[in-house]
$ cat work.pdb   # PDB, C-alpha atoms, pLDDT in the B column
ATOM      1  CA  GLY A   1    -167.419 122.862-108.481  1.00 62.00           C
ATOM      2  CA  ALA A   2    -169.769 120.354-106.940  1.00 70.00           C
ATOM      3  CA  VAL A   3    -168.646 116.776-107.532  1.00 88.00           C
ATOM      4  CA  VAL A   4    -170.584 113.576-107.081  1.00 92.00           C
ATOM      5  CA  SER A   5    -168.553 110.375-107.088  1.00 94.00           C
ATOM      6  CA  GLN A   6    -170.328 107.170-108.082  1.00 96.00           C
ATOM      7  CA  HIS A   7    -168.905 103.665-107.717  1.00 96.00           C
ATOM      8  CA  PRO A   8    -168.531 101.208-109.243  1.00 96.00           C
ATOM      9  CA  SER A   9    -168.537 102.467-112.821  1.00 94.00           C
ATOM     10  CA  TRP A  10    -169.442  99.013-114.055  1.00 95.00           C
ATOM     11  CA  VAL A  11    -170.329  95.681-112.485  1.00 97.00           C
ATOM     12  CA  ILE A  12    -171.213  92.219-113.731  1.00 97.00           C
ATOM     13  CA  CYS A  13    -173.056  89.925-111.350  1.00 95.00           C
ATOM     14  CA  LYS A  14    -174.777  86.587-111.411  1.00 96.00           C
ATOM     15  CA  SER A  15    -178.535  86.352-111.383  1.00 97.00           C
ATOM     16  CA  GLY A  16    -179.869  86.175-107.834  1.00 97.00           C
ATOM     17  CA  THR A  17    -177.062  88.124-106.204  1.00 97.00           C
ATOM     18  CA  SER A  18    -177.212  91.661-104.825  1.00 97.00           C
ATOM     19  CA  VAL A  19    -175.231  94.672-105.971  1.00 97.00           C
ATOM     20  CA  LYS A  20    -174.567  97.904-104.093  1.00 97.00           C
ATOM     21  CA  ILE A  21    -173.913 101.198-105.840  1.00 97.00           C
ATOM     22  CA  GLU A  22    -172.492 104.146-103.895  1.00 96.00           C
ATOM     23  CA  CYS A  23    -172.923 107.812-104.555  1.00 95.00           C
ATOM     24  CA  ARG A  24    -170.887 110.377-102.603  1.00 94.00           C
ATOM     25  CA  SER A  25    -170.960 114.148-102.652  1.00 91.00           C
ATOM     26  CA  LEU A  26    -167.317 115.134-102.335  1.00 91.00           C
ATOM     27  CA  ASP A  27    -167.309 118.830-101.551  1.00 86.00           C
ATOM     28  CA  PHE A  28    -170.810 119.592-100.364  1.00 87.00           C
ATOM     29  CA  GLN A  29    -173.562 118.135 -98.238  1.00 87.00           C
ATOM     30  CA  ALA A  30    -176.432 116.609-100.136  1.00 85.00           C
ATOM     31  CA  THR A  31    -179.610 116.319 -98.102  1.00 83.00           C
ATOM     32  CA  THR A  32    -181.382 114.959-101.156  1.00 89.00           C
ATOM     33  CA  MET A  33    -180.095 112.585-103.796  1.00 92.00           C
ATOM     34  CA  PHE A  34    -181.919 111.140-106.757  1.00 94.00           C
ATOM     35  CA  TRP A  35    -181.488 107.750-108.380  1.00 96.00           C
ATOM     36  CA  TYR A  36    -182.175 107.273-112.085  1.00 95.00           C
ATOM     37  CA  ARG A  37    -182.224 104.381-114.468  1.00 95.00           C
ATOM     38  CA  GLN A  38    -181.464 104.684-118.154  1.00 93.00           C
ATOM     39  CA  PHE A  39    -182.116 102.124-120.871  1.00 87.00           C
ATOM     40  CA  PRO A  40    -180.264 102.299-124.219  1.00 82.00           C
ATOM     41  CA  LYS A  41    -181.335 105.273-126.321  1.00 78.00           C
ATOM     42  CA  GLN A  42    -183.836 106.292-123.680  1.00 83.00           C
ATOM     43  CA  SER A  43    -183.900 109.178-121.278  1.00 85.00           C
ATOM     44  CA  LEU A  44    -183.335 109.056-117.560  1.00 90.00           C
ATOM     45  CA  MET A  45    -186.200 107.707-115.529  1.00 92.00           C
ATOM     46  CA  LEU A  46    -186.358 108.733-111.896  1.00 93.00           C
ATOM     47  CA  MET A  47    -186.508 105.724-109.604  1.00 95.00           C
ATOM     48  CA  ALA A  48    -186.483 107.295-106.171  1.00 94.00           C
ATOM     49  CA  THR A  49    -185.613 110.338-104.117  1.00 92.00           C
ATOM     50  CA  SER A  50    -183.240 109.704-101.251  1.00 89.00           C
ATOM     51  CA  ASN A  51    -183.452 111.956 -98.197  1.00 86.00           C
ATOM     52  CA  GLU A  52    -180.801 111.948 -95.499  1.00 84.00           C
ATOM     53  CA  GLY A  53    -182.030 110.353 -92.322  1.00 83.00           C
ATOM     54  CA  SER A  54    -185.410 109.286 -93.655  1.00 84.00           C
ATOM     55  CA  LYS A  55    -186.974 106.722 -95.933  1.00 88.00           C
ATOM     56  CA  ALA A  56    -186.606 107.110 -99.656  1.00 91.00           C
ATOM     57  CA  THR A  57    -189.554 108.117-101.789  1.00 92.00           C
ATOM     58  CA  TYR A  58    -190.061 105.746-104.700  1.00 95.00           C
ATOM     59  CA  GLU A  59    -191.651 106.534-108.025  1.00 93.00           C
ATOM     60  CA  GLN A  60    -194.698 104.611-109.143  1.00 92.00           C
ATOM     61  CA  GLY A  61    -193.813 101.183-110.453  1.00 93.00           C
ATOM     62  CA  VAL A  62    -190.441 100.942-108.699  1.00 95.00           C
ATOM     63  CA  GLU A  63    -190.198  98.028-106.268  1.00 94.00           C
ATOM     64  CA  LYS A  64    -189.055  99.245-102.861  1.00 93.00           C
ATOM     65  CA  ASP A  65    -187.922  95.811-101.725  1.00 94.00           C
ATOM     66  CA  LYS A  66    -185.879  95.250-104.845  1.00 95.00           C
ATOM     67  CA  PHE A  67    -184.143  98.617-105.012  1.00 96.00           C
ATOM     68  CA  LEU A  68    -183.042  99.420-101.478  1.00 95.00           C
ATOM     69  CA  ILE A  69    -181.913 102.979-100.910  1.00 94.00           C
ATOM     70  CA  ASN A  70    -180.003 104.177 -97.871  1.00 90.00           C
ATOM     71  CA  HIS A  71    -178.996 107.771 -97.200  1.00 89.00           C
ATOM     72  CA  ALA A  72    -177.287 107.476 -93.853  1.00 81.00           C
ATOM     73  CA  SER A  73    -175.175 110.628 -94.056  1.00 87.00           C
ATOM     74  CA  LEU A  74    -175.157 113.990 -95.797  1.00 88.00           C
ATOM     75  CA  THR A  75    -172.503 112.799 -98.226  1.00 90.00           C
ATOM     76  CA  LEU A  76    -173.432 109.191 -98.992  1.00 92.00           C
ATOM     77  CA  SER A  77    -176.398 107.473-100.588  1.00 93.00           C
ATOM     78  CA  THR A  78    -176.442 103.833-101.675  1.00 95.00           C
ATOM     79  CA  LEU A  79    -178.653 101.861-104.017  1.00 96.00           C
ATOM     80  CA  THR A  80    -178.731  98.089-103.565  1.00 97.00           C
ATOM     81  CA  VAL A  81    -180.253  95.973-106.298  1.00 97.00           C
ATOM     82  CA  THR A  82    -181.380  92.841-104.494  1.00 97.00           C
ATOM     83  CA  SER A  83    -181.760  89.439-106.125  1.00 96.00           C
ATOM     84  CA  ALA A  84    -180.751  90.905-109.449  1.00 96.00           C
ATOM     85  CA  HIS A  85    -182.118  89.458-112.668  1.00 96.00           C
ATOM     86  CA  PRO A  86    -181.100  90.058-116.293  1.00 95.00           C
ATOM     87  CA  GLU A  87    -183.955  92.536-116.747  1.00 94.00           C
ATOM     88  CA  ASP A  88    -182.307  94.714-114.086  1.00 95.00           C
ATOM     89  CA  SER A  89    -179.345  95.234-116.407  1.00 95.00           C
ATOM     90  CA  SER A  90    -179.225  98.943-117.058  1.00 95.00           C
ATOM     91  CA  PHE A  91    -177.315 102.164-116.486  1.00 95.00           C
ATOM     92  CA  TYR A  92    -177.914 103.653-113.046  1.00 97.00           C
ATOM     93  CA  ILE A  93    -177.071 107.280-112.275  1.00 96.00           C
ATOM     94  CA  CYS A  94    -177.293 109.267-109.076  1.00 95.00           C
ATOM     95  CA  SER A  95    -177.711 112.989-108.746  1.00 94.00           C
ATOM     96  CA  ALA A  96    -177.511 115.508-105.948  1.00 91.00           C
ATOM     97  CA  ARG A  97    -179.191 118.845-105.815  1.00 84.00           C
ATOM     98  CA  ARG A  98    -177.039 121.849-105.016  1.00 79.00           C
ATOM     99  CA  GLY A  99    -178.640 125.238-105.084  1.00 76.00           C
ATOM    100  CA  ALA A 100    -180.783 125.547-108.178  1.00 74.00           C
ATOM    101  CA  GLY A 101    -178.809 123.003-110.170  1.00 79.00           C
ATOM    102  CA  TYR A 102    -178.035 119.324-110.124  1.00 86.00           C
ATOM    103  CA  THR A 103    -174.773 117.405-110.231  1.00 89.00           C
ATOM    104  CA  PHE A 104    -174.669 113.886-111.572  1.00 92.00           C
ATOM    105  CA  GLY A 105    -172.466 110.908-110.855  1.00 93.00           C
ATOM    106  CA  SER A 106    -170.654 109.186-113.690  1.00 93.00           C
ATOM    107  CA  GLY A 107    -173.087 106.282-113.702  1.00 94.00           C
ATOM    108  CA  THR A 108    -172.899 102.535-113.110  1.00 96.00           C
ATOM    109  CA  ARG A 109    -173.373  99.996-115.875  1.00 96.00           C
ATOM    110  CA  LEU A 110    -174.953  96.910-114.314  1.00 96.00           C
ATOM    111  CA  THR A 111    -174.980  93.658-116.266  1.00 96.00           C
ATOM    112  CA  VAL A 112    -176.720  90.663-114.731  1.00 96.00           C
ATOM    113  CA  VAL A 113    -175.802  87.320-116.284  1.00 96.00           C
TER     114      VAL A 113
ATOM    115  CA  LYS B   1    -198.095 115.195-116.114  1.00 86.00           C
ATOM    116  CA  GLN B   2    -195.103 117.111-117.433  1.00 91.00           C
ATOM    117  CA  GLU B   3    -193.723 115.838-120.723  1.00 93.00           C
ATOM    118  CA  VAL B   4    -190.485 117.000-122.307  1.00 96.00           C
ATOM    119  CA  THR B   5    -189.863 116.516-126.010  1.00 96.00           C
ATOM    120  CA  GLN B   6    -186.625 117.056-127.869  1.00 97.00           C
ATOM    121  CA  ILE B   7    -186.312 117.525-131.591  1.00 95.00           C
ATOM    122  CA  PRO B   8    -184.518 116.263-133.569  1.00 94.00           C
ATOM    123  CA  ALA B   9    -183.718 112.879-132.050  1.00 95.00           C
ATOM    124  CA  ALA B  10    -180.446 112.815-133.961  1.00 96.00           C
ATOM    125  CA  LEU B  11    -178.445 115.372-135.894  1.00 96.00           C
ATOM    126  CA  SER B  12    -175.295 115.056-137.982  1.00 97.00           C
ATOM    127  CA  VAL B  13    -173.445 118.166-139.124  1.00 97.00           C
ATOM    128  CA  PRO B  14    -170.052 119.052-140.594  1.00 97.00           C
ATOM    129  CA  GLU B  15    -167.510 120.717-138.373  1.00 98.00           C
ATOM    130  CA  GLY B  16    -167.842 124.484-138.098  1.00 97.00           C
ATOM    131  CA  GLU B  17    -171.583 124.616-138.597  1.00 97.00           C
ATOM    132  CA  ASN B  18    -173.876 126.482-136.216  1.00 97.00           C
ATOM    133  CA  LEU B  19    -176.789 124.410-134.967  1.00 96.00           C
ATOM    134  CA  VAL B  20    -179.932 124.561-132.848  1.00 97.00           C
ATOM    135  CA  LEU B  21    -181.402 121.881-130.628  1.00 97.00           C
ATOM    136  CA  ASN B  22    -185.012 122.166-129.565  1.00 97.00           C
ATOM    137  CA  CYS B  23    -186.789 121.281-126.356  1.00 98.00           C
ATOM    138  CA  SER B  24    -190.476 121.689-125.523  1.00 97.00           C
ATOM    139  CA  PHE B  25    -192.399 121.030-122.329  1.00 97.00           C
ATOM    140  CA  THR B  26    -196.121 120.733-121.729  1.00 96.00           C
ATOM    141  CA  ASP B  27    -196.546 122.493-118.374  1.00 92.00           C
ATOM    142  CA  SER B  28    -195.121 126.004-118.187  1.00 91.00           C
ATOM    143  CA  ALA B  29    -195.164 126.104-114.385  1.00 91.00           C
ATOM    144  CA  ILE B  30    -191.478 125.364-113.961  1.00 91.00           C
ATOM    145  CA  TYR B  31    -188.744 126.558-111.623  1.00 91.00           C
ATOM    146  CA  ASN B  32    -185.998 126.242-114.189  1.00 92.00           C
ATOM    147  CA  LEU B  33    -184.737 124.387-117.232  1.00 95.00           C
ATOM    148  CA  GLN B  34    -181.348 122.767-117.504  1.00 95.00           C
ATOM    149  CA  TRP B  35    -179.354 121.511-120.494  1.00 96.00           C
ATOM    150  CA  PHE B  36    -177.005 118.572-120.020  1.00 95.00           C
ATOM    151  CA  ARG B  37    -174.469 116.752-122.113  1.00 96.00           C
ATOM    152  CA  GLN B  38    -174.020 112.982-121.905  1.00 94.00           C
ATOM    153  CA  ASP B  39    -171.151 111.122-123.514  1.00 92.00           C
ATOM    154  CA  PRO B  40    -171.649 107.401-124.271  1.00 87.00           C
ATOM    155  CA  GLY B  41    -171.678 105.306-121.104  1.00 84.00           C
ATOM    156  CA  LYS B  42    -171.069 108.335-118.917  1.00 87.00           C
ATOM    157  CA  GLY B  43    -172.967 110.505-116.504  1.00 88.00           C
ATOM    158  CA  LEU B  44    -174.388 113.928-117.214  1.00 90.00           C
ATOM    159  CA  THR B  45    -172.509 117.197-117.377  1.00 91.00           C
ATOM    160  CA  SER B  46    -174.495 120.340-116.732  1.00 90.00           C
ATOM    161  CA  LEU B  47    -174.144 122.893-119.517  1.00 95.00           C
ATOM    162  CA  LEU B  48    -176.570 125.696-118.786  1.00 95.00           C
ATOM    163  CA  LEU B  49    -179.310 126.387-116.281  1.00 93.00           C
ATOM    164  CA  ILE B  50    -182.027 128.943-116.993  1.00 94.00           C
ATOM    165  CA  GLN B  51    -184.235 130.134-114.174  1.00 92.00           C
ATOM    166  CA  SER B  52    -187.915 130.574-114.991  1.00 92.00           C
ATOM    167  CA  SER B  53    -187.516 134.368-114.794  1.00 93.00           C
ATOM    168  CA  GLN B  54    -184.657 134.398-117.288  1.00 94.00           C
ATOM    169  CA  ARG B  55    -184.731 134.463-121.072  1.00 95.00           C
ATOM    170  CA  GLU B  56    -181.327 133.069-121.892  1.00 96.00           C
ATOM    171  CA  GLN B  57    -177.945 131.951-120.631  1.00 96.00           C
ATOM    172  CA  THR B  58    -174.614 131.844-122.403  1.00 97.00           C
ATOM    173  CA  SER B  59    -171.440 129.882-121.832  1.00 96.00           C
ATOM    174  CA  GLY B  60    -168.707 130.042-124.437  1.00 97.00           C
ATOM    175  CA  ARG B  61    -170.087 128.746-127.737  1.00 97.00           C
ATOM    176  CA  LEU B  62    -173.358 127.699-126.124  1.00 98.00           C
ATOM    177  CA  ASN B  63    -176.457 129.818-125.788  1.00 98.00           C
ATOM    178  CA  ALA B  64    -179.711 128.574-124.328  1.00 97.00           C
ATOM    179  CA  SER B  65    -182.994 130.441-124.535  1.00 97.00           C
ATOM    180  CA  LEU B  66    -186.219 129.915-122.650  1.00 97.00           C
ATOM    181  CA  ASP B  67    -189.750 130.941-123.589  1.00 96.00           C
ATOM    182  CA  LYS B  68    -191.689 129.690-120.623  1.00 93.00           C
ATOM    183  CA  SER B  69    -195.101 130.811-121.817  1.00 93.00           C
ATOM    184  CA  SER B  70    -194.851 128.773-124.993  1.00 95.00           C
ATOM    185  CA  GLY B  71    -193.035 125.884-123.301  1.00 96.00           C
ATOM    186  CA  ARG B  72    -189.936 126.021-125.446  1.00 97.00           C
ATOM    187  CA  SER B  73    -186.188 126.177-125.099  1.00 98.00           C
ATOM    188  CA  THR B  74    -183.408 126.094-127.635  1.00 98.00           C
ATOM    189  CA  LEU B  75    -179.735 125.299-127.295  1.00 98.00           C
ATOM    190  CA  TYR B  76    -177.586 127.065-129.861  1.00 98.00           C
ATOM    191  CA  ILE B  77    -174.093 125.726-130.509  1.00 98.00           C
ATOM    192  CA  ALA B  78    -171.813 127.979-132.517  1.00 98.00           C
ATOM    193  CA  ALA B  79    -168.929 126.784-134.690  1.00 98.00           C
ATOM    194  CA  SER B  80    -169.457 123.134-133.826  1.00 97.00           C
ATOM    195  CA  GLN B  81    -166.461 120.867-133.246  1.00 97.00           C
ATOM    196  CA  PRO B  82    -166.060 117.061-133.307  1.00 97.00           C
ATOM    197  CA  GLY B  83    -165.642 117.195-129.531  1.00 97.00           C
ATOM    198  CA  ASP B  84    -169.210 118.469-129.277  1.00 97.00           C
ATOM    199  CA  SER B  85    -170.465 115.049-130.380  1.00 97.00           C
ATOM    200  CA  ALA B  86    -172.643 113.703-127.578  1.00 97.00           C
ATOM    201  CA  THR B  87    -176.244 113.367-126.505  1.00 96.00           C
ATOM    202  CA  TYR B  88    -177.808 116.605-125.307  1.00 97.00           C
ATOM    203  CA  LEU B  89    -180.608 116.390-122.773  1.00 96.00           C
ATOM    204  CA  CYS B  90    -182.916 119.055-121.507  1.00 96.00           C
ATOM    205  CA  ALA B  91    -184.768 118.775-118.240  1.00 95.00           C
ATOM    206  CA  VAL B  92    -187.254 120.898-116.315  1.00 94.00           C
ATOM    207  CA  ILE B  93    -188.150 121.174-112.672  1.00 90.00           C
ATOM    208  CA  GLU B  94    -191.877 121.545-112.400  1.00 86.00           C
ATOM    209  CA  VAL B  95    -193.450 123.606-109.623  1.00 85.00           C
ATOM    210  CA  GLY B  96    -194.878 121.298-106.991  1.00 83.00           C
ATOM    211  CA  SER B  97    -192.790 118.327-108.111  1.00 80.00           C
ATOM    212  CA  ASN B  98    -190.544 118.367-105.052  1.00 77.00           C
ATOM    213  CA  TYR B  99    -187.678 119.514-107.270  1.00 81.00           C
ATOM    214  CA  LYS B 100    -187.666 116.456-109.480  1.00 86.00           C
ATOM    215  CA  LEU B 101    -186.121 116.719-112.921  1.00 90.00           C
ATOM    216  CA  THR B 102    -188.174 115.593-115.906  1.00 92.00           C
ATOM    217  CA  PHE B 103    -185.978 114.760-118.874  1.00 94.00           C
ATOM    218  CA  GLY B 104    -186.470 114.658-122.602  1.00 94.00           C
ATOM    219  CA  LYS B 105    -185.100 111.717-124.561  1.00 93.00           C
ATOM    220  CA  GLY B 106    -182.218 113.752-125.875  1.00 95.00           C
ATOM    221  CA  THR B 107    -180.693 114.722-129.199  1.00 96.00           C
ATOM    222  CA  LEU B 108    -177.740 112.670-130.409  1.00 96.00           C
ATOM    223  CA  LEU B 109    -175.355 115.098-132.060  1.00 97.00           C
ATOM    224  CA  THR B 110    -172.553 113.992-134.362  1.00 97.00           C
ATOM    225  CA  VAL B 111    -170.112 116.597-135.644  1.00 98.00           C
ATOM    226  CA  ASN B 112    -168.075 115.267-138.527  1.00 97.00           C
ATOM    227  CA  PRO B 113    -164.492 116.469-139.078  1.00 95.00           C
TER     228      PRO B 113
END

$ encode --input "work.pdb" --output "structure tokens"
Amino acid sequence: GAVVSQHPSWVICKSGTSVKIECRSLDFQATTMFWYRQFPKQSLMLMATSNEGSKATYEQGVEKDKFLINHASLTLSTLTVTSAHPEDSSFYICSARRGAGYTFGSGTRLTVV
Amino acid sequence: KQEVTQIPAALSVPEGENLVLNCSFTDSAIYNLQWFRQDPGKGLTSLLLIQSSQREQTSGRLNASLDKSSGRSTLYIAASQPGDSATYLCAVIEVGSNYKLTFGKGTLLTVNP
């Protein structure tokens, strides 16, 4: 079946530094990937839609300059949290659409200290 | 704006019991509805996908139904097992949303041995 690999699974960084999260589709080409954020006991909130070869589309309220998304190939999308602050600590999950369904990465737990 | 509601928020049952999780959505113009399972600190695993033209889908002990006109879906789990303990999320893709998933907040299921 379709597999999406997400790395790292967890990361701790100092306030003010940047963190990159990778999402790879292993056995299919993903022209579109989605990036979500999830707070404890809350549902997934869509941050942005990543399209291969073009600029990402951000949801209302998501800072484009803070959450940089790159989708340079059909199998790789990256999310970079720039100048991270403690309030950016959260669980980030990517997803790729395949056919009518969606496949999700295993998520990245980001803790900013 | 599409809103997805899941009831109950949490459910605790003894092993072997049959149970029903509920999902409702406000806008019936959807492409499909998908049920996911999320284990603590992990990504999402797709369980069942129901196209808007379908009434139900079955996979093993799981059965999902869809009543698009009333904006409701149920996930039926037969003969529950402790390994079924997880958070169950439903999500819809609304027509005209550029294939974005809108999630409910989930139902936290605990199956006690």

$ atom_distance --input "work.pdb" --atom1 "CA of Phe67 (chain A)" --atom2 "CA of Gly105 (chain A)"
17.9 Å

$ closest_residue --input "work.pdb" --among "B:Ile93, B:Ala29, B:Val20, B:Ala64" --to "Arg97 (chain A)" --atoms "all atoms listed in the file"
B:Ile93

$ resolve_selection --input "work.pdb" --expression "the PyMOL selection byres ((chain A) within 10 of (chain B))" --output "ChimeraX atom specification"
/A:6,9-10,32,34,40-46,48-49,91-95,97,100-109

$ residues_around --input "work.pdb" --residues "Ser89 (chain A)" --least-positions-apart "2" --cutoff "7 Å" --atoms "all atoms listed in the file" --output "list of chain:residue names"
A:Pro86, A:Glu87, A:Leu110, A:Thr111, A:Val112

$ write_last_selection --input "work.pdb" --atoms "C-alpha atoms" --output "PDB file, keeping the file's coordinate frame"
ATOM      1  CA  PRO A  86    -181.100  90.058-116.293  1.00 95.00           C
ATOM      2  CA  GLU A  87    -183.955  92.536-116.747  1.00 94.00           C
ATOM      3  CA  LEU A 110    -174.953  96.910-114.314  1.00 96.00           C
ATOM      4  CA  THR A 111    -174.980  93.658-116.266  1.00 96.00           C
ATOM      5  CA  VAL A 112    -176.720  90.663-114.731  1.00 96.00           C
TER       6      VAL A 112
END

$ closest_residue --input "work.pdb" --among "B:Ser53, B:Ser24, B:Gln81, B:Asn18" --to "Val4 (chain B)" --atoms "only C-alpha atoms"
B:Ser24

$ atom_distance --input "work.pdb" --atom1 "CA of Ser85 (chain B)" --atom2 "CA of Ser73 (chain B)"
20.0 Å

$ atom_distance --input "work.pdb" --atom1 "CA of Arg24 (chain A)" --atom2 "CA of Ser77 (chain A)"
6.5 Å

$ residues_around --input "work.pdb" --residues "Arg55 (chain B)" --least-positions-apart "2" --cutoff "8 Å" --atoms "all atoms listed in the file" --output "NGL selection string"
:B and (50 or 52-53 or 57 or 65-67)

$ resolve_selection --input "work.pdb" --expression "the PyMOL selection byres ((chain B and resi 78) around 12)" --output "list in words"
Val13, Glu15, Gly16, Glu17, Asn18, Leu19, Val20, Leu21, Thr58, Ser59, Gly60, Arg61, Leu62, Asn63, Ala64, Leu75, Tyr76, Ile77, Ala79, Ser80, Gln81, Asp84 and Val111 of chain B

$ closest_residue --input "work.pdb" --among "A:Ala56, A:Val113, A:Cys13, A:Ala84" --to "Asn70 (chain A)" --atoms "only C-alpha atoms"
A:Ala56

$ axis_aligned_box --input "work.pdb" --around "region 21-30 of chain A" --padding-each-side "8 Å" --output "AutoDock Vina command-line options"
--center_x -171.9 --center_y 110.4 --center_z -102.0 --size_x 25.1 --size_y 34.4 --size_z 23.6

$ closest_residue --input "work.pdb" --among "A:Gln60, A:Asn51, A:Thr75, A:Ser18" --to "Ala2 (chain A)" --atoms "all atoms listed in the file"
A:Thr75

$ residues_around --input "work.pdb" --residues "Ser28 (chain B)" --least-positions-apart "3" --cutoff "7 Å" --atoms "all atoms listed in the file" --output "ChimeraX atom specification"
/B:68-69,71

$ resolve_selection --input "work.pdb" --expression "the PyMOL selection byres ((chain A and resi 21) around 6)" --output "MDAnalysis selection string"
chainID A and resid 7 20 22 78:79

$ write_last_selection --input "work.pdb" --atoms "C-alpha atoms" --output "mmCIF file, keeping the file's coordinate frame"
data_model
loop_
_atom_site.group_PDB
_atom_site.id
_atom_site.type_symbol
_atom_site.label_atom_id
_atom_site.label_comp_id
_atom_site.auth_asym_id
_atom_site.auth_seq_id
_atom_site.Cartn_x
_atom_site.Cartn_y
_atom_site.Cartn_z
ATOM 1 C CA HIS A 7 -168.905 103.665 -107.717
ATOM 2 C CA LYS A 20 -174.567 97.904 -104.093
ATOM 3 C CA GLU A 22 -172.492 104.146 -103.895
ATOM 4 C CA THR A 78 -176.442 103.833 -101.675
ATOM 5 C CA LEU A 79 -178.653 101.861 -104.017
#

$ residues_around --input "work.pdb" --residues "Ala30 (chain A)" --least-positions-apart "3" --cutoff "8 Å" --atoms "all atoms listed in the file" --output "MDAnalysis selection string"
chainID A and resid 25 33 52 74:75 96:98

$ closest_residue --input "work.pdb" --among "A:Met47, A:Val62, A:Val19, A:Leu26" --to "Thr80 (chain A)" --atoms "all atoms listed in the file"
A:Val19

$ build_atoms --input "work.pdb" --residues "region 13-18 of chain B" --atoms "all heavy atoms" --output "tab-separated table (two decimals), in the frame of the given file"
chain	number	residue	atom	x	y	z
B	13	VAL	N	-173.84	116.93	-138.44
B	13	VAL	CA	-173.44	118.17	-139.12
B	13	VAL	C	-171.95	118.16	-139.39
B	13	VAL	O	-171.18	117.47	-138.69
B	13	VAL	CB	-173.81	119.41	-138.28
B	13	VAL	CG1	-175.31	119.48	-138.03
B	13	VAL	CG2	-173.03	119.44	-136.99
B	14	PRO	N	-171.50	118.92	-140.38
B	14	PRO	CA	-170.05	119.05	-140.59
B	14	PRO	C	-169.46	120.03	-139.59
B	14	PRO	O	-170.13	120.94	-139.09
B	14	PRO	CB	-169.97	119.59	-142.02
B	14	PRO	CG	-171.25	120.31	-142.22
B	14	PRO	CD	-172.28	119.59	-141.44
B	15	GLU	N	-168.21	119.84	-139.31
B	15	GLU	CA	-167.51	120.72	-138.37
B	15	GLU	C	-167.61	122.18	-138.80
B	15	GLU	O	-167.54	122.50	-139.99
B	15	GLU	CB	-166.04	120.29	-138.31
B	15	GLU	CG	-165.20	121.09	-137.35
B	15	GLU	CD	-163.77	120.56	-137.29
B	15	GLU	OE1	-163.44	119.64	-138.07
B	15	GLU	OE2	-162.99	121.07	-136.47
B	16	GLY	N	-167.79	123.06	-137.82
B	16	GLY	CA	-167.84	124.48	-138.10
B	16	GLY	C	-169.25	125.04	-138.24
B	16	GLY	O	-169.45	126.25	-138.19
B	17	GLU	N	-170.21	124.15	-138.40
B	17	GLU	CA	-171.58	124.62	-138.60
B	17	GLU	C	-172.20	125.06	-137.27
B	17	GLU	O	-171.94	124.49	-136.23
B	17	GLU	CB	-172.41	123.49	-139.21
B	17	GLU	CG	-173.76	123.92	-139.75
B	17	GLU	CD	-174.33	122.89	-140.70
B	17	GLU	OE1	-173.72	122.65	-141.75
B	17	GLU	OE2	-175.37	122.31	-140.35
B	18	ASN	N	-173.07	126.07	-137.37
B	18	ASN	CA	-173.88	126.48	-136.22
B	18	ASN	C	-175.13	125.63	-136.19
B	18	ASN	O	-175.68	125.29	-137.24
B	18	ASN	CB	-174.26	127.96	-136.31
B	18	ASN	CG	-173.05	128.86	-136.41
B	18	ASN	OD1	-172.01	128.58	-135.82
B	18	ASN	ND2	-173.16	129.93	-137.18
